[in-house]
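Text of the file input-v6.txt, holding compact mmCIF, N, CA and C atoms:
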```txt
# COMPACT_ATOMS: atom_id res chain seq x y z
N MET A 1 0.85 -1.17 0.00
CA MET A 1 0.00 0.00 0.00
C MET A 1 0.90 1.24 0.00
N LEU A 2 0.58 2.18 -0.85
CA LEU A 2 1.35 3.42 -0.94
C LEU A 2 0.84 4.44 0.08
N LYS A 3 1.78 5.20 0.65
CA LYS A 3 1.42 6.22 1.63
C LYS A 3 2.13 7.52 1.29
N ILE A 4 1.44 8.62 1.56
CA ILE A 4 2.04 9.94 1.45
C ILE A 4 2.30 10.39 2.88
N ARG A 5 3.58 10.58 3.22
CA ARG A 5 3.92 10.95 4.58
C ARG A 5 5.16 11.84 4.62
N LEU A 6 5.47 12.32 5.83
CA LEU A 6 6.63 13.17 6.03
C LEU A 6 7.87 12.33 6.31
N GLN A 7 9.01 12.79 5.80
CA GLN A 7 10.29 12.13 6.05
C GLN A 7 11.26 13.19 6.53
N ARG A 8 11.79 13.03 7.74
CA ARG A 8 12.68 14.05 8.30
C ARG A 8 14.01 14.03 7.59
N ILE A 9 14.47 15.22 7.19
CA ILE A 9 15.76 15.33 6.51
C ILE A 9 16.67 16.35 7.19
N GLY A 10 16.18 17.06 8.18
CA GLY A 10 16.97 18.10 8.83
C GLY A 10 17.99 17.54 9.79
N ARG A 11 18.96 18.38 10.15
CA ARG A 11 19.95 17.94 11.11
C ARG A 11 19.45 18.20 12.52
N ARG A 12 20.26 17.92 13.50
CA ARG A 12 19.87 18.04 14.90
C ARG A 12 19.46 19.47 15.24
N ASN A 13 18.35 19.62 15.91
CA ASN A 13 17.77 20.91 16.32
C ASN A 13 17.40 21.82 15.15
N ASN A 14 17.37 21.28 13.96
CA ASN A 14 16.96 22.06 12.80
C ASN A 14 16.11 21.16 11.90
N PRO A 15 14.87 20.87 12.33
CA PRO A 15 14.07 19.92 11.57
C PRO A 15 13.61 20.47 10.22
N SER A 16 13.55 19.61 9.27
CA SER A 16 13.02 19.90 7.95
C SER A 16 12.47 18.59 7.42
N TYR A 17 11.39 18.66 6.69
CA TYR A 17 10.73 17.44 6.26
C TYR A 17 10.51 17.43 4.76
N ARG A 18 10.55 16.24 4.20
CA ARG A 18 10.26 16.02 2.79
C ARG A 18 8.92 15.28 2.73
N VAL A 19 8.04 15.69 1.86
CA VAL A 19 6.77 14.98 1.65
C VAL A 19 7.04 13.94 0.57
N VAL A 20 6.85 12.67 0.93
CA VAL A 20 7.23 11.60 0.00
C VAL A 20 6.11 10.59 -0.17
N LEU A 21 6.18 9.89 -1.28
CA LEU A 21 5.31 8.75 -1.56
C LEU A 21 6.16 7.51 -1.33
N VAL A 22 5.73 6.66 -0.39
CA VAL A 22 6.51 5.47 -0.04
C VAL A 22 5.59 4.26 0.06
N GLU A 23 6.18 3.10 -0.05
CA GLU A 23 5.49 1.86 0.28
C GLU A 23 5.43 1.82 1.81
N HIS A 24 4.30 1.42 2.38
CA HIS A 24 4.12 1.52 3.83
C HIS A 24 5.09 0.64 4.61
N THR A 25 5.71 -0.34 3.97
CA THR A 25 6.66 -1.21 4.67
C THR A 25 8.08 -0.66 4.66
N PHE A 26 8.35 0.41 3.91
CA PHE A 26 9.69 0.99 3.86
C PHE A 26 10.03 1.66 5.18
N ARG A 27 11.32 1.72 5.50
CA ARG A 27 11.78 2.41 6.69
C ARG A 27 11.47 3.90 6.58
N PRO A 28 11.21 4.58 7.70
CA PRO A 28 10.87 6.01 7.64
C PRO A 28 11.97 6.87 7.00
N GLN A 29 13.24 6.51 7.20
CA GLN A 29 14.33 7.28 6.61
C GLN A 29 14.88 6.64 5.34
N GLY A 30 14.20 5.65 4.83
CA GLY A 30 14.70 4.91 3.69
C GLY A 30 14.34 5.51 2.35
N LYS A 31 14.38 4.67 1.34
CA LYS A 31 14.11 5.15 -0.02
C LYS A 31 12.63 5.47 -0.20
N TYR A 32 12.36 6.29 -1.18
CA TYR A 32 10.99 6.68 -1.47
C TYR A 32 10.76 6.63 -2.97
N ILE A 33 9.49 6.60 -3.36
CA ILE A 33 9.14 6.48 -4.77
C ILE A 33 9.17 7.83 -5.45
N GLU A 34 8.56 8.84 -4.80
CA GLU A 34 8.50 10.17 -5.41
C GLU A 34 8.50 11.25 -4.33
N ASP A 35 9.20 12.33 -4.62
CA ASP A 35 9.23 13.50 -3.73
C ASP A 35 8.07 14.41 -4.13
N LEU A 36 7.18 14.70 -3.16
CA LEU A 36 5.98 15.48 -3.46
C LEU A 36 5.97 16.87 -2.84
N GLY A 37 7.04 17.24 -2.16
CA GLY A 37 7.08 18.57 -1.56
C GLY A 37 7.97 18.60 -0.35
N SER A 38 7.87 19.71 0.41
CA SER A 38 8.69 19.86 1.60
C SER A 38 7.95 20.71 2.63
N TYR A 39 8.44 20.64 3.88
CA TYR A 39 7.86 21.41 4.97
C TYR A 39 8.97 21.79 5.94
N ASN A 40 9.04 23.08 6.26
CA ASN A 40 10.01 23.57 7.22
C ASN A 40 9.25 24.14 8.42
N PRO A 41 9.25 23.45 9.56
CA PRO A 41 8.45 23.92 10.70
C PRO A 41 8.97 25.20 11.34
N LYS A 42 10.26 25.51 11.20
CA LYS A 42 10.78 26.74 11.81
C LYS A 42 10.28 27.97 11.07
N SER A 43 10.31 27.94 9.76
CA SER A 43 9.85 29.09 8.98
C SER A 43 8.39 28.94 8.56
N LYS A 44 7.75 27.81 8.91
CA LYS A 44 6.35 27.52 8.57
C LYS A 44 6.12 27.50 7.05
N GLN A 45 7.16 27.18 6.30
CA GLN A 45 7.07 27.17 4.84
C GLN A 45 6.66 25.77 4.37
N LYS A 46 5.60 25.73 3.56
CA LYS A 46 5.09 24.47 3.01
C LYS A 46 5.10 24.56 1.49
N ASN A 47 5.71 23.59 0.85
CA ASN A 47 5.73 23.50 -0.61
C ASN A 47 5.21 22.12 -0.99
N PHE A 48 4.00 22.08 -1.54
CA PHE A 48 3.42 20.81 -1.95
C PHE A 48 3.15 20.82 -3.44
N ASN A 49 3.41 19.69 -4.10
CA ASN A 49 3.11 19.53 -5.51
C ASN A 49 1.67 19.02 -5.62
N LYS A 50 0.73 19.95 -5.70
CA LYS A 50 -0.70 19.65 -5.63
C LYS A 50 -1.13 18.64 -6.69
N GLU A 51 -0.69 18.81 -7.92
CA GLU A 51 -1.12 17.93 -9.00
C GLU A 51 -0.70 16.48 -8.76
N ARG A 52 0.55 16.28 -8.33
CA ARG A 52 1.06 14.93 -8.10
C ARG A 52 0.42 14.29 -6.87
N ILE A 53 0.16 15.09 -5.83
CA ILE A 53 -0.50 14.55 -4.64
C ILE A 53 -1.90 14.08 -5.00
N LEU A 54 -2.66 14.89 -5.73
CA LEU A 54 -4.01 14.49 -6.13
C LEU A 54 -3.98 13.28 -7.06
N TYR A 55 -2.97 13.22 -7.93
CA TYR A 55 -2.82 12.07 -8.82
C TYR A 55 -2.64 10.78 -8.01
N TRP A 56 -1.74 10.79 -7.03
CA TRP A 56 -1.46 9.59 -6.26
C TRP A 56 -2.62 9.23 -5.35
N ILE A 57 -3.34 10.21 -4.83
CA ILE A 57 -4.53 9.91 -4.03
C ILE A 57 -5.59 9.24 -4.91
N SER A 58 -5.72 9.71 -6.16
CA SER A 58 -6.70 9.10 -7.08
C SER A 58 -6.30 7.66 -7.44
N LYS A 59 -5.00 7.36 -7.37
CA LYS A 59 -4.52 6.01 -7.66
C LYS A 59 -4.61 5.09 -6.45
N GLY A 60 -5.05 5.64 -5.30
CA GLY A 60 -5.26 4.79 -4.12
C GLY A 60 -4.25 4.96 -3.00
N ALA A 61 -3.37 5.94 -3.12
CA ALA A 61 -2.39 6.16 -2.04
C ALA A 61 -3.10 6.70 -0.81
N GLN A 62 -2.71 6.20 0.36
CA GLN A 62 -3.25 6.67 1.62
C GLN A 62 -2.40 7.84 2.13
N VAL A 63 -3.00 8.71 2.91
CA VAL A 63 -2.30 9.88 3.44
C VAL A 63 -2.18 9.71 4.94
N SER A 64 -0.98 9.99 5.49
CA SER A 64 -0.81 9.91 6.94
C SER A 64 -1.67 10.98 7.60
N PRO A 65 -2.03 10.80 8.88
CA PRO A 65 -2.90 11.79 9.54
C PRO A 65 -2.32 13.21 9.55
N THR A 66 -1.04 13.36 9.80
CA THR A 66 -0.43 14.69 9.81
C THR A 66 -0.46 15.31 8.42
N MET A 67 -0.12 14.52 7.40
CA MET A 67 -0.16 15.04 6.04
C MET A 67 -1.59 15.38 5.63
N HIS A 68 -2.55 14.58 6.06
CA HIS A 68 -3.96 14.86 5.77
C HIS A 68 -4.33 16.25 6.30
N ASN A 69 -3.93 16.55 7.53
CA ASN A 69 -4.24 17.86 8.12
C ASN A 69 -3.53 19.00 7.39
N PHE A 70 -2.29 18.77 6.94
CA PHE A 70 -1.60 19.79 6.14
C PHE A 70 -2.32 20.04 4.82
N LEU A 71 -2.78 18.97 4.18
CA LEU A 71 -3.48 19.12 2.89
C LEU A 71 -4.81 19.82 3.06
N VAL A 72 -5.48 19.61 4.20
CA VAL A 72 -6.73 20.32 4.48
C VAL A 72 -6.44 21.80 4.70
N ASP A 73 -5.35 22.11 5.43
CA ASP A 73 -4.97 23.52 5.65
C ASP A 73 -4.67 24.24 4.34
N GLU A 74 -4.01 23.56 3.42
CA GLU A 74 -3.63 24.16 2.14
C GLU A 74 -4.77 24.09 1.12
N LYS A 75 -5.91 23.53 1.51
CA LYS A 75 -7.10 23.40 0.66
C LYS A 75 -6.83 22.56 -0.59
N ILE A 76 -5.96 21.57 -0.44
CA ILE A 76 -5.71 20.63 -1.53
C ILE A 76 -6.80 19.56 -1.55
N ILE A 77 -7.26 19.16 -0.36
CA ILE A 77 -8.39 18.24 -0.27
C ILE A 77 -9.47 18.89 0.60
N ASP A 78 -10.72 18.59 0.28
CA ASP A 78 -11.86 19.15 1.01
C ASP A 78 -12.44 18.10 1.96
N LYS A 79 -11.83 17.97 3.11
CA LYS A 79 -12.30 17.06 4.14
C LYS A 79 -12.06 17.71 5.49
N ALA A 80 -12.61 17.11 6.53
CA ALA A 80 -12.39 17.61 7.88
C ALA A 80 -11.04 17.13 8.39
N LYS A 81 -10.45 17.88 9.31
CA LYS A 81 -9.20 17.45 9.93
C LYS A 81 -9.46 16.22 10.79
N ILE A 82 -8.41 15.42 10.96
CA ILE A 82 -8.52 14.24 11.80
C ILE A 82 -7.51 14.33 12.93
N LYS A 83 -7.73 13.56 13.99
CA LYS A 83 -6.82 13.57 15.12
C LYS A 83 -5.56 12.82 14.72
N ALA A 84 -4.41 13.49 14.81
CA ALA A 84 -3.17 12.92 14.32
C ALA A 84 -2.40 12.15 15.38
N TRP A 85 -2.76 12.27 16.64
CA TRP A 85 -2.05 11.55 17.69
C TRP A 85 -3.04 11.08 18.74
N LYS A 86 -2.64 10.06 19.48
CA LYS A 86 -3.48 9.52 20.54
C LYS A 86 -2.76 9.71 21.87
N PRO A 87 -3.46 10.22 22.88
CA PRO A 87 -2.81 10.38 24.18
C PRO A 87 -2.51 9.03 24.81
N LYS A 88 -1.46 9.00 25.65
CA LYS A 88 -1.11 7.76 26.32
C LYS A 88 -2.17 7.42 27.36
N LYS A 89 -2.45 6.13 27.48
CA LYS A 89 -3.43 5.69 28.47
C LYS A 89 -2.75 5.62 29.83
N LYS A 90 -3.45 6.08 30.86
CA LYS A 90 -2.93 6.02 32.21
C LYS A 90 -3.22 4.63 32.77
N PRO A 91 -2.31 4.09 33.61
CA PRO A 91 -2.58 2.77 34.18
C PRO A 91 -3.78 2.83 35.13
N ALA A 92 -4.50 1.74 35.19
CA ALA A 92 -5.70 1.68 36.03
C ALA A 92 -5.29 1.75 37.50
N ALA A 93 -6.04 2.49 38.32
CA ALA A 93 -5.72 2.66 39.73
C ALA A 93 -6.09 1.43 40.55
N SER A 94 -6.94 0.57 40.04
CA SER A 94 -7.39 -0.59 40.79
C SER A 94 -6.34 -1.69 40.86
N GLN A 95 -5.36 -1.69 39.96
CA GLN A 95 -4.35 -2.73 39.95
C GLN A 95 -3.17 -2.32 40.83
N PRO A 96 -2.88 -3.08 41.92
CA PRO A 96 -1.74 -2.73 42.77
C PRO A 96 -0.44 -3.05 42.03
N LEU A 97 0.57 -2.23 42.25
CA LEU A 97 1.85 -2.46 41.58
C LEU A 97 2.56 -3.68 42.15
N ALA A 98 2.45 -3.91 43.46
CA ALA A 98 3.06 -5.08 44.08
C ALA A 98 2.23 -5.44 45.31
N ASP A 99 2.23 -6.72 45.64
CA ASP A 99 1.46 -7.11 46.81
C ASP A 99 2.21 -6.76 48.09
N LYS A 100 1.55 -6.84 49.24
CA LYS A 100 2.11 -6.40 50.52
C LYS A 100 3.31 -7.25 50.93
N GLN A 101 3.26 -8.56 50.69
CA GLN A 101 4.35 -9.44 51.09
C GLN A 101 5.64 -9.09 50.34
N THR A 102 5.54 -8.81 49.06
CA THR A 102 6.72 -8.43 48.26
C THR A 102 7.30 -7.12 48.78
N LEU A 103 6.45 -6.16 49.13
CA LEU A 103 6.93 -4.88 49.66
C LEU A 103 7.65 -5.07 50.98
N LYS A 104 7.18 -5.98 51.87
CA LYS A 104 7.85 -6.22 53.14
C LYS A 104 9.24 -6.81 52.91
N VAL A 105 9.35 -7.75 51.99
CA VAL A 105 10.65 -8.37 51.70
C VAL A 105 11.61 -7.34 51.15
N LEU A 106 11.15 -6.50 50.23
CA LEU A 106 12.01 -5.47 49.66
C LEU A 106 12.43 -4.46 50.72
N ALA A 107 11.53 -4.06 51.60
CA ALA A 107 11.86 -3.10 52.65
C ALA A 107 12.85 -3.71 53.63
N GLY A 108 12.73 -4.99 53.95
CA GLY A 108 13.65 -5.65 54.86
C GLY A 108 15.04 -5.76 54.26
N ASN A 109 15.16 -6.03 52.98
CA ASN A 109 16.46 -6.16 52.33
C ASN A 109 17.16 -4.82 52.15
N GLN A 110 16.44 -3.74 52.07
CA GLN A 110 17.07 -2.44 51.88
C GLN A 110 17.77 -1.97 53.15
N ASN A 111 17.32 -2.41 54.32
CA ASN A 111 17.91 -1.97 55.58
C ASN A 111 19.15 -2.77 55.96
N LEU A 112 19.42 -3.88 55.29
CA LEU A 112 20.55 -4.73 55.61
C LEU A 112 21.80 -4.27 54.88
N THR A 113 22.99 -4.47 55.52
CA THR A 113 24.25 -4.21 54.83
C THR A 113 24.56 -5.41 53.96
N THR A 114 25.62 -5.32 53.17
CA THR A 114 25.97 -6.44 52.28
C THR A 114 26.38 -7.67 53.08
N ASN A 115 27.09 -7.51 54.20
CA ASN A 115 27.49 -8.66 55.02
C ASN A 115 26.26 -9.33 55.63
N GLN A 116 25.31 -8.51 56.08
CA GLN A 116 24.10 -9.07 56.67
C GLN A 116 23.28 -9.81 55.63
N LYS A 117 23.25 -9.27 54.39
CA LYS A 117 22.52 -9.95 53.32
C LYS A 117 23.15 -11.30 53.01
N ALA A 118 24.50 -11.33 52.97
CA ALA A 118 25.19 -12.59 52.68
C ALA A 118 24.93 -13.61 53.77
N SER A 119 24.98 -13.18 55.04
CA SER A 119 24.72 -14.13 56.12
C SER A 119 23.27 -14.58 56.12
N LYS A 120 22.35 -13.68 55.75
CA LYS A 120 20.94 -14.05 55.69
C LYS A 120 20.71 -15.09 54.59
N ILE A 121 21.40 -14.94 53.48
CA ILE A 121 21.27 -15.90 52.39
C ILE A 121 21.81 -17.25 52.83
N GLU A 122 22.97 -17.26 53.57
CA GLU A 122 23.53 -18.52 54.06
C GLU A 122 22.57 -19.19 55.03
N ILE A 123 21.98 -18.39 55.92
CA ILE A 123 21.04 -18.94 56.89
C ILE A 123 19.83 -19.51 56.18
N ASP A 124 19.31 -18.78 55.19
CA ASP A 124 18.14 -19.24 54.45
C ASP A 124 18.45 -20.52 53.69
N SER A 125 19.64 -20.62 53.11
CA SER A 125 19.99 -21.82 52.34
C SER A 125 20.22 -23.01 53.25
N SER A 126 20.75 -22.78 54.47
CA SER A 126 20.98 -23.89 55.39
C SER A 126 19.67 -24.41 55.96
N THR A 127 18.68 -23.55 56.14
CA THR A 127 17.40 -24.00 56.65
C THR A 127 16.59 -24.72 55.58
N ALA A 128 16.94 -24.48 54.32
CA ALA A 128 16.22 -25.13 53.23
C ALA A 128 16.57 -26.60 53.12
N ASP A 129 17.76 -27.03 53.66
CA ASP A 129 18.20 -28.43 53.58
C ASP A 129 17.41 -29.35 54.42
```
In structure tokens, how does this file's structure come out?
Amino acid sequence: MLKIRLQRIGRRNNPSYRVVLVEHTFRPQGKYIEDLGSYNPKSKQKNFNKERILYWISKGAQVSPTMHNFLVDEKIIDKAKIKAWKPKKKPAASQPLADKQTLKVLAGNQNLTTNQKASKIEIDSSTAD
């Protein structure tokens, strides 16, 4: 499946993006089929090849969510904007991170010195016999 998406080409702390047509299995920084424009977030400069983008969309190429929103802003496509990112889910409060017995063992081991830990291990192993 072909996708129209952004490919970062800028150096460190100076981002710049190329709008490319790629196979969806290609690496994000890898080869691309066609260069369709560029975007510079620092200067807010957008250069899109409208004719080629519309051509590839008509041939069935999918557009990434961020590129979709850019194309809506530039009035290249007439659709509503879509949510481009999903917030992280917070862990459920009902699940305890550790049970009480594990916390007691960890708290007991933190108060021991290394010699005491070694002797405790020897004592525990001798009682196991």
Please tabulate, as a tab-separated table, the residues of stretch 1-33 of chain A that come within 6.5 Å of stretch 62-81 of chain A, each with its closest pair of atoms and the distance in Å to one decimal, counting all atoms listed in the file and ordering rows by chain, then residue number upward.
```
residue	atom	partner	partner_atom	distance
A:Met1	C	A:Gln62	N	6.1
A:Leu2	C	A:Gln62	N	4.0
A:Lys3	CA	A:Gln62	C	4.2
A:Ile4	N	A:Gln62	C	4.0
A:Arg5	CA	A:Ser64	N	5.1
A:Leu6	N	A:Met67	N	6.2
```
Restricting the calculation to only N, CA and C atoms: of A:Pro87, A:Val22, A:Ala61, A:Asp35, which residue gets closest to A:Asn49?
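Among A:Pro87, A:Val22, A:Ala61, A:Asp35, it is A:Asp35 that comes nearest to A:Asn49.
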Figure out the distance between atom CA of A:Gly37 and atom CA of A:Arg18, please, to one decimal in Å.
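Going from atom CA of A:Arg18 over to atom CA of A:Gly37 covers 6.0 Å.
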As AutoDock Vina command-line options, please: the centre and edge lengths in Å, to one decimal, of an axis-aligned box enclosing every listed atom of stretch 2-9 of chain A with 3 Å added on each side.
```
--center_x 8.6 --center_y 9.3 --center_z 3.7 --size_x 22.1 --size_y 20.2 --size_z 15.2
```
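For the pair atom CA of A:Gly30 and atom CA of A:Ser43, the interatomic distance is 25.2 Å.
Atom N of A:Glu34 sits 13.6 Å away from atom N of A:Lys50.
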Selection near A:Phe48, 8 Å with only C-alpha atoms, sequence-local residues under 6 positions removed, as a PyMOL selection string:
chain A and resi 19+36-38
Of the residues A:Lys59, A:Arg52, A:Lys86, A:Lys42, which is the one nearest to A:Ser16, using only N, CA and C atoms?
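The shortest atom-to-atom distance to A:Ser16 comes from A:Lys42.
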